[in-house]
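K.L.:
The structure file start_19.cif (mmCIF, C-alpha atoms) is provided below.
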data_upload
#
loop_
_atom_site.label_atom_id
_atom_site.label_comp_id
_atom_site.auth_asym_id
_atom_site.auth_seq_id
_atom_site.Cartn_x
_atom_site.Cartn_y
_atom_site.Cartn_z
CA MET A 1 95.63 122.14 43.24
CA SER A 2 98.20 120.26 41.18
CA GLY A 3 101.82 120.30 42.27
CA LEU A 4 103.02 122.34 39.30
CA THR A 5 100.22 124.90 39.58
CA ALA A 6 100.98 125.40 43.27
CA ARG A 7 104.68 125.83 42.54
CA VAL A 8 103.93 128.37 39.81
CA LYS A 9 101.95 130.51 42.26
CA THR A 10 104.59 130.22 44.95
CA LYS A 11 107.34 131.18 42.51
CA ALA A 12 105.31 134.17 41.26
CA ARG A 13 105.05 135.51 44.81
CA GLU A 14 108.77 134.92 45.39
CA ILE A 15 109.55 136.97 42.27
CA GLY A 16 107.44 139.82 43.62
CA PHE A 17 103.94 139.52 42.17
CA ALA A 18 101.11 140.19 44.59
CA GLU A 19 98.88 137.45 43.18
CA ALA A 20 98.87 134.73 40.52
CA ARG A 21 95.85 132.92 39.09
CA ILE A 22 95.25 130.59 36.15
CA CYS A 23 92.69 130.58 33.35
CA GLY A 24 92.45 129.24 29.82
CA PRO A 25 92.91 131.33 26.66
CA GLY A 26 89.35 130.48 25.61
CA ASP A 27 87.71 131.48 28.89
CA VAL A 28 86.64 134.97 27.70
CA PRO A 29 84.12 134.35 24.88
CA GLN A 30 82.32 137.62 25.63
CA VAL A 31 85.28 139.80 24.66
CA MET A 32 84.83 139.81 20.89
CA GLU A 33 81.24 141.05 21.01
CA ARG A 34 82.07 143.77 23.55
CA LEU A 35 85.13 144.88 21.60
CA ARG A 36 83.22 145.14 18.33
CA SER A 37 80.47 147.16 20.04
CA PHE A 38 83.10 149.52 21.50
CA LEU A 39 84.70 150.01 18.09
CA ASP A 40 81.43 150.34 16.18
CA ARG A 41 80.41 153.22 18.45
CA GLY A 42 83.69 154.98 17.83
CA TYR A 43 84.52 154.99 21.53
CA HIS A 44 88.19 154.26 20.76
CA GLY A 45 88.75 157.72 19.26
CA GLN A 46 92.20 158.02 17.69
CA MET A 47 93.38 154.67 19.07
CA GLY A 48 93.25 152.94 15.70
CA TRP A 49 95.51 150.20 17.01
CA LEU A 50 92.56 148.82 18.98
CA ALA A 51 90.86 147.98 15.69
CA ASP A 52 94.00 146.35 14.31
CA ARG A 53 94.28 142.59 14.79
CA VAL A 54 90.83 142.55 16.33
CA HIS A 55 90.67 138.81 15.63
CA TRP A 56 93.49 138.39 18.17
CA ARG A 57 92.45 141.07 20.62
CA GLY A 58 88.98 139.61 20.90
CA ALA A 59 90.01 135.94 21.07
CA PRO A 60 93.19 135.04 22.98
CA ASP A 61 92.90 131.42 21.89
CA VAL A 62 93.40 132.62 18.30
CA LEU A 63 96.43 134.74 19.23
CA TRP A 64 98.41 131.59 19.99
CA PRO A 65 96.39 128.42 19.27
CA GLU A 66 98.97 126.15 20.91
CA ALA A 67 98.54 127.80 24.32
CA ARG A 68 96.67 125.73 26.91
CA SER A 69 96.92 127.93 30.00
CA VAL A 70 97.29 131.61 30.89
CA ILE A 71 99.02 132.61 34.11
CA MET A 72 97.61 136.00 35.10
CA LEU A 73 99.79 138.06 37.45
CA ALA A 74 98.79 141.07 39.53
CA GLU A 75 101.21 143.75 40.66
CA ASN A 76 100.24 146.21 43.40
CA TYR A 77 101.07 149.88 42.81
CA GLY A 78 99.01 151.43 45.58
CA PRO A 79 99.90 155.04 46.51
CA ASP A 80 100.59 156.21 50.07
CA GLN A 81 98.63 159.45 49.62
CA ASP A 82 95.17 160.41 48.40
CA PRO A 83 95.46 160.94 44.60
CA LEU A 84 92.48 163.31 44.69
CA ALA A 85 94.12 165.78 47.10
CA VAL A 86 96.38 167.36 44.45
CA LEU A 87 93.32 168.42 42.44
CA GLU A 88 92.83 171.26 44.94
CA ALA A 89 96.34 172.63 44.36
CA ARG A 90 95.57 174.57 41.21
CA ASP A 91 99.14 175.76 40.62
CA ARG A 92 100.39 172.16 40.74
CA ALA A 93 100.14 169.30 38.24
CA ALA A 94 98.19 166.12 38.86
CA ILE A 95 99.98 163.10 37.38
CA SER A 96 98.39 159.67 37.45
CA VAL A 97 99.74 157.44 40.22
CA TYR A 98 101.03 154.81 37.81
CA ALA A 99 103.27 157.37 36.06
CA GLN A 100 104.92 158.93 39.12
CA ASN A 101 108.06 156.80 38.83
CA ARG A 102 109.46 154.08 36.57
CA ASP A 103 107.59 152.69 33.57
CA TYR A 104 105.71 149.68 34.93
CA HIS A 105 106.00 147.86 31.60
CA ASP A 106 109.74 147.43 32.18
CA VAL A 107 109.35 146.29 35.79
CA VAL A 108 106.53 143.82 35.14
CA LYS A 109 108.07 142.35 31.98
CA LYS A 110 111.33 141.54 33.77
CA ARG A 111 109.38 139.61 36.39
CA LEU A 112 107.30 137.85 33.76
CA LYS A 113 110.44 136.72 31.97
CA ARG A 114 111.90 135.40 35.23
CA LEU A 115 108.76 133.38 35.85
CA ALA A 116 108.71 132.13 32.25
CA ARG A 117 112.34 130.99 32.38
CA TRP A 118 111.70 129.20 35.66
CA LEU A 119 108.63 127.46 34.25
CA ILE A 120 110.51 126.16 31.20
CA ALA A 121 113.33 124.88 33.38
CA GLU A 122 110.84 123.30 35.78
CA ALA A 123 108.37 121.69 33.39
CA GLY A 124 109.31 122.39 29.77
CA GLY A 125 106.74 123.57 27.28
CA GLU A 126 106.68 126.89 25.44
CA VAL A 127 105.79 130.33 26.76
CA LYS A 128 104.97 133.86 25.64
CA VAL A 129 104.82 136.85 27.99
CA PHE A 130 102.65 139.95 27.59
CA VAL A 131 102.22 143.19 29.49
CA ASP A 132 99.77 145.70 28.04
CA THR A 133 101.47 146.25 24.67
CA ALA A 134 100.12 143.23 22.72
CA PRO A 135 96.57 142.46 21.50
CA VAL A 136 95.65 140.63 24.70
CA PRO A 137 92.49 141.36 26.76
CA GLU A 138 94.24 141.35 30.14
CA LYS A 139 91.32 142.58 32.25
CA PRO A 140 88.78 139.96 31.07
CA LEU A 141 91.44 137.26 31.43
CA ALA A 142 92.21 138.51 34.95
CA GLN A 143 88.53 138.21 35.86
CA ALA A 144 88.34 134.73 34.33
CA ALA A 145 91.37 133.75 36.42
CA GLY A 146 89.85 135.15 39.63
CA LEU A 147 92.19 138.10 40.21
CA GLY A 148 89.33 140.59 40.31
CA TRP A 149 86.44 141.89 38.24
CA GLN A 150 85.94 144.68 35.74
CA GLY A 151 84.09 147.37 37.61
CA LYS A 152 81.57 149.82 36.23
CA HIS A 153 84.51 152.03 35.19
CA THR A 154 85.81 149.06 33.08
CA ASN A 155 89.01 148.79 35.14
CA LEU A 156 89.93 145.79 37.25
CA VAL A 157 89.00 145.84 40.93
CA SER A 158 90.49 143.41 43.42
CA ARG A 159 88.99 142.60 46.81
CA ARG A 160 92.53 142.44 48.19
CA LEU A 161 94.34 145.20 46.26
CA GLY A 162 91.57 147.63 45.40
CA SER A 163 92.00 149.54 42.14
CA TRP A 164 95.77 149.82 42.04
CA VAL A 165 96.66 146.79 39.94
CA PHE A 166 99.08 146.25 37.07
CA LEU A 167 98.53 143.09 35.04
CA GLY A 168 100.84 140.77 33.17
CA CYS A 169 100.39 137.32 31.71
CA VAL A 170 102.31 134.25 30.71
CA PHE A 171 100.79 132.07 28.00
CA THR A 172 102.03 128.50 28.10
CA THR A 173 101.50 125.24 26.24
CA LEU A 174 101.41 123.47 29.62
CA GLU A 175 98.12 122.33 31.14
CA LEU A 176 97.70 124.01 34.50
CA GLU A 177 94.81 123.78 36.93
CA ARG A 178 92.41 126.69 36.42
CA ASP A 179 91.03 128.97 39.11
CA ALA A 180 87.40 129.97 39.46
CA PRO A 181 86.48 133.32 37.91
CA GLU A 182 85.74 136.30 40.14
CA ARG A 183 82.19 137.64 40.24
CA ASP A 184 81.15 141.27 40.14
CA HIS A 185 81.06 142.96 43.56
CA CYS A 186 80.09 146.50 42.49
CA GLY A 187 76.48 146.09 43.59
CA SER A 188 74.47 149.33 43.38
CA CYS A 189 77.54 151.56 43.84
CA ARG A 190 78.15 154.11 41.09
CA ALA A 191 80.80 156.28 42.73
CA CYS A 192 83.24 155.81 39.83
CA LEU A 193 80.61 156.88 37.29
CA ASP A 194 79.46 159.94 39.21
CA ILE A 195 82.92 161.35 39.91
CA CYS A 196 84.04 161.42 36.26
CA PRO A 197 84.63 165.11 35.37
CA THR A 198 83.86 164.60 31.67
CA ASP A 199 80.97 162.09 31.85
CA ALA A 200 83.01 159.51 29.97
CA PHE A 201 80.72 156.61 30.95
CA PRO A 202 77.61 156.39 28.71
CA ALA A 203 76.42 153.55 30.95
CA PRO A 204 77.87 151.28 33.65
CA TYR A 205 80.62 149.07 32.20
CA GLN A 206 80.93 151.28 29.12
CA LEU A 207 83.68 153.84 28.48
CA ASP A 208 83.71 156.45 25.73
CA ALA A 209 87.45 157.05 25.56
CA ARG A 210 86.92 160.22 23.53
CA ARG A 211 85.73 161.91 26.74
CA CYS A 212 88.13 160.17 29.14
CA ILE A 213 90.82 162.43 30.62
CA SER A 214 93.39 159.65 30.52
CA TYR A 215 92.79 159.28 26.79
CA LEU A 216 92.68 163.03 26.16
CA THR A 217 95.96 163.75 27.97
CA ILE A 218 97.88 160.70 26.75
CA GLU A 219 96.53 159.27 23.49
CA HIS A 220 94.75 162.20 21.84
CA LYS A 221 96.81 164.11 19.28
CA GLY A 222 96.14 167.72 18.43
CA PRO A 223 93.92 170.19 20.28
CA VAL A 224 91.41 168.92 22.84
CA ASP A 225 87.83 170.04 22.27
CA GLU A 226 87.38 173.41 23.94
CA ASP A 227 84.22 172.23 25.71
CA LEU A 228 86.24 169.54 27.49
CA ARG A 229 89.30 171.59 28.44
CA PRO A 230 87.87 173.12 31.65
CA ALA A 231 87.02 169.65 32.97
CA LEU A 232 90.67 168.60 32.71
CA GLY A 233 91.44 170.76 35.73
CA ASN A 234 95.11 170.37 36.59
CA ARG A 235 95.34 166.79 35.32
CA ILE A 236 98.22 166.79 32.86
CA TYR A 237 98.88 163.05 32.50
CA GLY A 238 96.11 160.57 33.10
CA CYS A 239 93.31 160.66 35.65
CA ASP A 240 92.77 158.59 38.80
CA ASP A 241 89.36 159.86 39.88
CA CYS A 242 87.32 156.75 39.08
CA LEU A 243 90.00 154.51 40.59
CA ALA A 244 90.62 156.55 43.73
CA ILE A 245 86.94 156.86 44.68
CA CYS A 246 86.28 153.10 44.63
CA PRO A 247 85.18 151.84 48.09
CA TRP A 248 87.20 148.65 47.61
CA ASN A 249 90.35 150.71 48.09
CA LYS A 250 89.78 150.36 51.84
CA PHE A 251 91.65 147.07 51.40
CA ALA A 252 94.44 148.60 49.27
CA ARG A 253 97.94 149.03 50.60
CA ARG A 254 101.05 150.88 49.55
CA ALA A 255 103.14 149.27 46.81
CA GLU A 256 106.03 147.23 48.14
CA GLU A 257 108.08 147.80 44.98
CA VAL A 258 110.03 151.03 45.51
CA LYS A 259 110.08 151.67 41.75
CA TYR A 260 106.36 152.40 42.04
CA HIS A 261 106.76 154.90 44.89
CA ALA A 262 106.22 158.46 43.74
CA ARG A 263 109.28 160.50 42.84
CA PRO A 264 109.13 163.74 44.86
CA ASP A 265 109.44 165.82 41.69
CA LEU A 266 106.42 164.07 40.10
CA LEU A 267 104.07 164.03 43.08
CA ALA A 268 102.72 167.56 42.57
CA PRO A 269 105.16 169.51 40.40
CA PRO A 270 104.67 173.27 39.82
CA LEU A 271 102.88 173.97 36.54
CA ASN A 272 105.09 176.94 35.62
CA GLU A 273 108.16 174.73 35.95
CA LEU A 274 106.73 172.13 33.57
CA ALA A 275 105.58 174.72 31.05
CA ALA A 276 109.17 175.89 30.66
CA LEU A 277 110.47 172.49 29.49
CA ASP A 278 112.02 172.31 26.04
CA ASP A 279 112.46 168.98 24.29
CA ALA A 280 115.84 168.22 25.86
CA GLY A 281 114.63 169.19 29.32
CA PHE A 282 111.50 167.07 28.91
CA ARG A 283 113.49 164.00 27.84
CA ALA A 284 115.94 164.39 30.69
CA ARG A 285 113.25 164.84 33.34
CA PHE A 286 111.13 161.90 32.19
CA SER A 287 113.82 159.41 31.27
CA GLY A 288 112.56 155.97 32.29
CA SER A 289 109.04 157.31 32.83
CA PRO A 290 105.94 156.33 30.82
CA ILE A 291 105.33 160.07 30.41
CA LYS A 292 108.23 160.28 27.99
CA ARG A 293 106.32 158.50 25.22
CA ILE A 294 103.80 161.31 24.68
CA GLY A 295 106.56 163.77 23.83
CA ARG A 296 107.25 167.30 24.95
CA ASP A 297 104.63 169.02 22.79
CA ARG A 298 101.63 167.01 23.99
CA PHE A 299 102.86 167.25 27.57
CA VAL A 300 103.23 171.04 27.41
CA ARG A 301 99.84 171.28 25.67
CA ASN A 302 98.32 169.57 28.72
CA THR A 303 100.23 171.85 31.07
CA CYS A 304 98.85 174.91 29.26
CA TYR A 305 95.30 173.63 29.73
CA ALA A 306 95.99 173.14 33.44
CA ILE A 307 97.36 176.67 33.77
CA GLY A 308 94.33 178.00 31.95
CA ASN A 309 92.14 176.21 34.50
CA SER A 310 94.15 177.39 37.50
CA GLY A 311 92.60 180.83 37.93
CA ARG A 312 96.11 181.97 38.86
CA ALA A 313 97.01 185.22 37.13
CA ASP A 314 100.59 184.82 38.35
CA LEU A 315 100.95 181.81 36.00
CA ARG A 316 100.06 183.88 32.95
CA PRO A 317 103.72 184.63 32.00
CA ALA A 318 104.41 180.88 31.83
CA VAL A 319 101.89 180.41 29.02
CA GLN A 320 102.40 183.83 27.45
CA ALA A 321 105.89 182.70 26.49
CA LEU A 322 104.40 179.68 24.68
CA CYS A 323 102.01 181.63 22.49
CA GLU A 324 104.65 181.62 19.76
CA ASP A 325 105.87 178.05 20.35
CA ALA A 326 107.07 176.08 17.34
CA ASP A 327 104.25 173.55 17.80
CA GLU A 328 100.83 174.65 16.55
CA THR A 329 98.89 172.73 19.21
CA VAL A 330 101.01 174.21 22.01
CA ARG A 331 100.41 177.68 20.60
CA ASP A 332 96.67 177.06 20.55
CA ALA A 333 96.67 175.75 24.14
CA ALA A 334 98.81 178.65 25.38
CA ARG A 335 96.61 181.28 23.78
CA TRP A 336 93.51 179.60 25.21
CA ALA A 337 95.12 179.68 28.66
CA VAL A 338 96.08 183.34 28.35
CA THR A 339 92.50 184.19 27.39
CA ARG A 340 91.14 182.20 30.33
CA LEU A 341 93.42 183.97 32.79
CA GLY A 342 92.66 187.43 31.45
CA SER A 343 94.96 190.42 31.63
#
Before anything else, please render the file you have as structure tokens.

P.N.:
Amino acid sequence: MSGLTARVKTKAREIGFAEARICGPGDVPQVMERLRSFLDRGYHGQMGWLADRVHWRGAPDVLWPEARSVIMLAENYGPDQDPLAVLEARDRAAISVYAQNRDYHDVVKKRLKRLARWLIAEAGGEVKVFVDTAPVPEKPLAQAAGLGWQGKHTNLVSRRLGSWVFLGCVFTTLELERDAPERDHCGSCRACLDICPTDAFPAPYQLDARRCISYLTIEHKGPVDEDLRPALGNRIYGCDDCLAICPWNKFARRAEEVKYHARPDLLAPPLNELAALDDAGFRARFSGSPIKRIGRDRFVRNTCYAIGNSGRADLRPAVQALCEDADETVRDAARWAVTRLGS
């Protein structure tokens, strides 16, 4: 390993990243074909932004032609409790592990910028940093760099960190020594496919986002298909089922970064409490949280579905009050829940 490459990895760990690996921007030639297939089948649903700038999203070497190396960084956000346990508490809300505290984009980007500034001071060159919000195929690049592999659920799996991995990257014009790619270690296991409540995987390594609970509760605007609503259970923001069931999580550990530790009020909050939130209350409660970006109406819509799935007649007043909400989709969800709970 060259001196600079070794120093980059050491500095990344000092800054707080769990792992750092190097690949080239042209090391993922398979991405364009897979992306076009995904889009052609309509699996992206309402996420039209995935089809925008597809020439960049499918080819990182086109995104910034001057880049010679990509530093891929992994951040561990492992929980200290079983994310599947809350699914049995029908009067409580299940919120995806990654959203139970601060928005990871802010935390990761600050660290990326620290590493980028250090690299320029140390060796010159130019840099660009990305974390999830730009047309960059982070997961294929992470596999090319050796951080992990894309499992049958299409998410990254690490032999050292399990499923609980945030990714960030630093593109640089510097030539750095590249790491060997990681190979697939899923074998014959299909636990992540079988646990999916909505059958969102048409085949291993394929995801139909239109049926994915994470997509439905976060990205999907308007009413959710009535046939899918019962399968949402009490999941009101995201879904961790396919991540949590992965056998590689036996090597996972709790996140060291306290900003990823679950806030007590977001670990399993009461559904009736969340249903009562108005816009101001929603913004105040989720300030600094990734949940804030979906807005009060979509969040309360999800909460109504969860109450409708609870089987708890005592929660009926919480949705009855929303049957005349100002938002049409909330009204629809509340009335559906009232009908499900009966008189």

K.L.:
Considering only C-alpha atoms, tabulate each residue of stretch 257-330 of chain A that lies at most 9 Å from stretch 91-95 of chain A along with its nearest interatomic pair and the corresponding distance in Å to one decimal; arrange the rows by chain and ascending residue number and present them as JSON lines.

P.N.:
{"residue": "A:Leu266", "atom": "CA", "partner": "A:Ile95", "partner_atom": "CA", "distance": 7.1}
{"residue": "A:Leu267", "atom": "CA", "partner": "A:Ile95", "partner_atom": "CA", "distance": 7.1}
{"residue": "A:Ala268", "atom": "CA", "partner": "A:Ala93", "partner_atom": "CA", "distance": 5.3}
{"residue": "A:Pro269", "atom": "CA", "partner": "A:Arg92", "partner_atom": "CA", "distance": 5.5}
{"residue": "A:Pro270", "atom": "CA", "partner": "A:Arg92", "partner_atom": "CA", "distance": 4.5}
{"residue": "A:Leu271", "atom": "CA", "partner": "A:Arg92", "partner_atom": "CA", "distance": 5.2}
{"residue": "A:Asn272", "atom": "CA", "partner": "A:Asp91", "partner_atom": "CA", "distance": 7.9}
{"residue": "A:Leu274", "atom": "CA", "partner": "A:Ala93", "partner_atom": "CA", "distance": 8.6}
{"residue": "A:Thr303", "atom": "CA", "partner": "A:Ala93", "partner_atom": "CA", "distance": 7.6}
{"residue": "A:Ala306", "atom": "CA", "partner": "A:Ala93", "partner_atom": "CA", "distance": 7.4}
{"residue": "A:Ile307", "atom": "CA", "partner": "A:Asp91", "partner_atom": "CA", "distance": 7.1}
{"residue": "A:Ser310", "atom": "CA", "partner": "A:Asp91", "partner_atom": "CA", "distance": 6.1}
{"residue": "A:Gly311", "atom": "CA", "partner": "A:Asp91", "partner_atom": "CA", "distance": 8.7}
{"residue": "A:Arg312", "atom": "CA", "partner": "A:Asp91", "partner_atom": "CA", "distance": 7.1}
{"residue": "A:Leu315", "atom": "CA", "partner": "A:Asp91", "partner_atom": "CA", "distance": 7.8}

K.L.:
Residues within 12 Å of A:Ala123, please, as a PyMOL selection string. Count only C-alpha atoms; anything in the same chain fewer than 6 positions from it doesn't count.

P.N.:
chain A and resi 3-5+7-8+115-117+172-176

K.L.:
List the neighbours of stretch 276-290 of chain A out to 6 Å using only C-alpha atoms; skip same-chain residues closer than 5 positions along the sequence, and give me the result as a ChimeraX atom specification.

P.N.:
/A:99,102-103,296

K.L.:
Starting from the shown file, work through the PyMOL selection byres ((chain A and resi 29) around 10) and note down what comes out as JSON, numbers by chain.

P.N.:
{"A": [25, 26, 27, 28, 30, 31, 32, 33, 34, 58, 59, 60, 61, 140]}

K.L.:
Give me a file of those residues, with C-alpha atoms, as a compact mmCIF listing (two decimals), in the coordinates of the input.

P.N.:
# COMPACT_ATOMS: atom_id res chain seq x y z
CA PRO A 25 92.91 131.33 26.66
CA GLY A 26 89.35 130.48 25.61
CA ASP A 27 87.71 131.48 28.89
CA VAL A 28 86.64 134.97 27.70
CA GLN A 30 82.32 137.62 25.63
CA VAL A 31 85.28 139.80 24.66
CA MET A 32 84.83 139.81 20.89
CA GLU A 33 81.24 141.05 21.01
CA ARG A 34 82.07 143.77 23.55
CA GLY A 58 88.98 139.61 20.90
CA ALA A 59 90.01 135.94 21.07
CA PRO A 60 93.19 135.04 22.98
CA ASP A 61 92.90 131.42 21.89
CA PRO A 140 88.78 139.96 31.07

K.L.:
Which polymer residues have any atom within 10 Å of an atom of A:Lys11, counting all atoms listed in the file, with same-chain residues fewer than 6 positions away left out, as a list of chain:residue names?

P.N.:
A:Thr5, A:Phe17, A:Ala20, A:Arg114, A:Leu115, A:Trp118, A:Leu119

K.L.:
Determine the nearest neighbour of A:Glu126 from the options A:Leu50, A:Cys246, A:Ala191, A:Val170, counting only C-alpha atoms.

P.N.:
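Of all the options, A:Val170 lies closest to A:Glu126.
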
K.L.:
Please report the interatomic distance between atom CA of A:Arg68 and atom CA of A:Leu39 in Å with one decimal.

P.N.:
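According to the coordinates, atom CA of A:Arg68 and atom CA of A:Leu39 are separated by 28.5 Å.
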
K.L.:
Could you tell me how far atom CA of A:Tyr77 sits from atom CA of A:Tyr98, in Å to one decimal place?

P.N.:
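Computing the Euclidean distance for atom CA of A:Tyr98 and atom CA of A:Tyr77 yields 7.0 Å.
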
K.L.:
My list of candidates is A:Leu167, A:Gly162, A:Ala200, A:Ile15. Which is closest to A:His185 when distances are computed with all atoms listed in the file?

P.N.:
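Checking each candidate against A:His185, we get A:Gly162 as the closest.
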
K.L.:
Might you pull out every residue within 12 Å of A:Trp164, with only C-alpha atoms counted and same-chain residues fewer than 2 positions away left off, and present them as a short mmCIF file (atom, residue, chain, number, x, y, z; two decimals) with C-alpha atoms, in the frame of the given file?

P.N.:
data_model
loop_
_atom_site.label_atom_id
_atom_site.label_comp_id
_atom_site.auth_asym_id
_atom_site.auth_seq_id
_atom_site.Cartn_x
_atom_site.Cartn_y
_atom_site.Cartn_z
CA ALA A 18 101.11 140.19 44.59
CA ALA A 74 98.79 141.07 39.53
CA GLU A 75 101.21 143.75 40.66
CA ASN A 76 100.24 146.21 43.40
CA TYR A 77 101.07 149.88 42.81
CA GLY A 78 99.01 151.43 45.58
CA PRO A 79 99.90 155.04 46.51
CA ASP A 80 100.59 156.21 50.07
CA PRO A 83 95.46 160.94 44.60
CA SER A 96 98.39 159.67 37.45
CA VAL A 97 99.74 157.44 40.22
CA TYR A 98 101.03 154.81 37.81
CA GLY A 148 89.33 140.59 40.31
CA ASN A 155 89.01 148.79 35.14
CA LEU A 156 89.93 145.79 37.25
CA VAL A 157 89.00 145.84 40.93
CA SER A 158 90.49 143.41 43.42
CA ARG A 159 88.99 142.60 46.81
CA ARG A 160 92.53 142.44 48.19
CA LEU A 161 94.34 145.20 46.26
CA GLY A 162 91.57 147.63 45.40
CA PHE A 166 99.08 146.25 37.07
CA LEU A 167 98.53 143.09 35.04
CA ASP A 240 92.77 158.59 38.80
CA CYS A 242 87.32 156.75 39.08
CA LEU A 243 90.00 154.51 40.59
CA ALA A 244 90.62 156.55 43.73
CA ILE A 245 86.94 156.86 44.68
CA CYS A 246 86.28 153.10 44.63
CA TRP A 248 87.20 148.65 47.61
CA ASN A 249 90.35 150.71 48.09
CA LYS A 250 89.78 150.36 51.84
CA PHE A 251 91.65 147.07 51.40
CA ALA A 252 94.44 148.60 49.27
CA ARG A 253 97.94 149.03 50.60
CA ARG A 254 101.05 150.88 49.55
CA ALA A 255 103.14 149.27 46.81
CA TYR A 260 106.36 152.40 42.04
#

K.L.:
Take every atom of stretch 103-106 of chain A listed in the file, fit an axis-aligned box around them, add 6 Å per side, and give the centre and edge lengths in Å to one decimal as AutoDock Vina command-line options.

P.N.:
--center_x 107.7 --center_y 150.1 --center_z 33.3 --size_x 16.0 --size_y 17.3 --size_z 15.3

K.L.:
Just how far from atom CA of A:Cys323 is atom CA of A:Arg335, in Å to one decimal?

P.N.:
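Going from atom CA of A:Arg335 over to atom CA of A:Cys323 covers 5.6 Å.
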
K.L.:
Any chance you could resolve the PyMOL selection byres ((chain A and resi 328) around 12) against this file and give the residues as a ChimeraX atom specification?

P.N.:
/A:221-223,297-298,300-301,322-327,329-335

K.L.:
With the input short on atoms, add N, CA, C and O atoms back to stretch 97-110 of chain A and write it as a PDB file, keeping the file's coordinate frame.

P.N.:
ATOM      1  N   VAL A  97      98.891 158.186  39.286  1.00  0.00           N
ATOM      2  CA  VAL A  97      99.740 157.440  40.220  1.00  0.00           C
ATOM      3  C   VAL A  97     100.693 156.493  39.490  1.00  0.00           C
ATOM      4  O   VAL A  97     101.872 156.396  39.838  1.00  0.00           O
ATOM      5  N   TYR A  98     100.194 155.831  38.455  1.00  0.00           N
ATOM      6  CA  TYR A  98     101.030 154.810  37.810  1.00  0.00           C
ATOM      7  C   TYR A  98     102.238 155.422  37.099  1.00  0.00           C
ATOM      8  O   TYR A  98     103.203 154.701  36.793  1.00  0.00           O
ATOM      9  N   ALA A  99     102.206 156.724  36.828  1.00  0.00           N
ATOM     10  CA  ALA A  99     103.270 157.370  36.060  1.00  0.00           C
ATOM     11  C   ALA A  99     104.184 158.226  36.926  1.00  0.00           C
ATOM     12  O   ALA A  99     104.968 159.012  36.399  1.00  0.00           O
ATOM     13  N   GLN A 100     104.128 158.076  38.238  1.00  0.00           N
ATOM     14  CA  GLN A 100     104.920 158.930  39.120  1.00  0.00           C
ATOM     15  C   GLN A 100     106.322 158.395  39.387  1.00  0.00           C
ATOM     16  O   GLN A 100     107.057 158.964  40.190  1.00  0.00           O
ATOM     17  N   ASN A 101     106.692 157.316  38.702  1.00  0.00           N
ATOM     18  CA  ASN A 101     108.060 156.800  38.830  1.00  0.00           C
ATOM     19  C   ASN A 101     108.414 156.029  37.576  1.00  0.00           C
ATOM     20  O   ASN A 101     108.113 156.473  36.487  1.00  0.00           O
ATOM     21  N   ARG A 102     108.980 154.857  37.712  1.00  0.00           N
ATOM     22  CA  ARG A 102     109.460 154.080  36.570  1.00  0.00           C
ATOM     23  C   ARG A 102     108.303 153.542  35.739  1.00  0.00           C
ATOM     24  O   ARG A 102     107.186 153.341  36.229  1.00  0.00           O
ATOM     25  N   ASP A 103     108.579 153.274  34.467  1.00  0.00           N
ATOM     26  CA  ASP A 103     107.590 152.690  33.570  1.00  0.00           C
ATOM     27  C   ASP A 103     107.303 151.259  34.021  1.00  0.00           C
ATOM     28  O   ASP A 103     108.199 150.409  34.031  1.00  0.00           O
ATOM     29  N   TYR A 104     106.054 150.996  34.386  1.00  0.00           N
ATOM     30  CA  TYR A 104     105.710 149.680  34.930  1.00  0.00           C
ATOM     31  C   TYR A 104     105.896 148.573  33.913  1.00  0.00           C
ATOM     32  O   TYR A 104     106.113 147.398  34.278  1.00  0.00           O
ATOM     33  N   HIS A 105     105.809 148.895  32.610  1.00  0.00           N
ATOM     34  CA  HIS A 105     106.000 147.860  31.600  1.00  0.00           C
ATOM     35  C   HIS A 105     107.355 147.174  31.782  1.00  0.00           C
ATOM     36  O   HIS A 105     107.460 145.948  31.692  1.00  0.00           O
ATOM     37  N   ASP A 106     108.394 147.971  32.032  1.00  0.00           N
ATOM     38  CA  ASP A 106     109.740 147.430  32.180  1.00  0.00           C
ATOM     39  C   ASP A 106     109.853 146.556  33.427  1.00  0.00           C
ATOM     40  O   ASP A 106     110.446 145.480  33.397  1.00  0.00           O
ATOM     41  N   VAL A 107     109.265 147.027  34.518  1.00  0.00           N
ATOM     42  CA  VAL A 107     109.350 146.290  35.790  1.00  0.00           C
ATOM     43  C   VAL A 107     108.596 144.965  35.695  1.00  0.00           C
ATOM     44  O   VAL A 107     109.119 143.904  36.048  1.00  0.00           O
ATOM     45  N   VAL A 108     107.359 145.027  35.200  1.00  0.00           N
ATOM     46  CA  VAL A 108     106.530 143.820  35.140  1.00  0.00           C
ATOM     47  C   VAL A 108     107.107 142.817  34.145  1.00  0.00           C
ATOM     48  O   VAL A 108     107.148 141.609  34.418  1.00  0.00           O
ATOM     49  N   LYS A 109     107.566 143.291  32.989  1.00  0.00           N
ATOM     50  CA  LYS A 109     108.070 142.350  31.980  1.00  0.00           C
ATOM     51  C   LYS A 109     109.284 141.583  32.483  1.00  0.00           C
ATOM     52  O   LYS A 109     109.439 140.388  32.203  1.00  0.00           O
ATOM     53  N   LYS A 110     110.172 142.245  33.215  1.00  0.00           N
ATOM     54  CA  LYS A 110     111.330 141.540  33.770  1.00  0.00           C
ATOM     55  C   LYS A 110     110.883 140.399  34.679  1.00  0.00           C
ATOM     56  O   LYS A 110     111.445 139.291  34.648  1.00  0.00           O
TER      57      LYS A 110
END
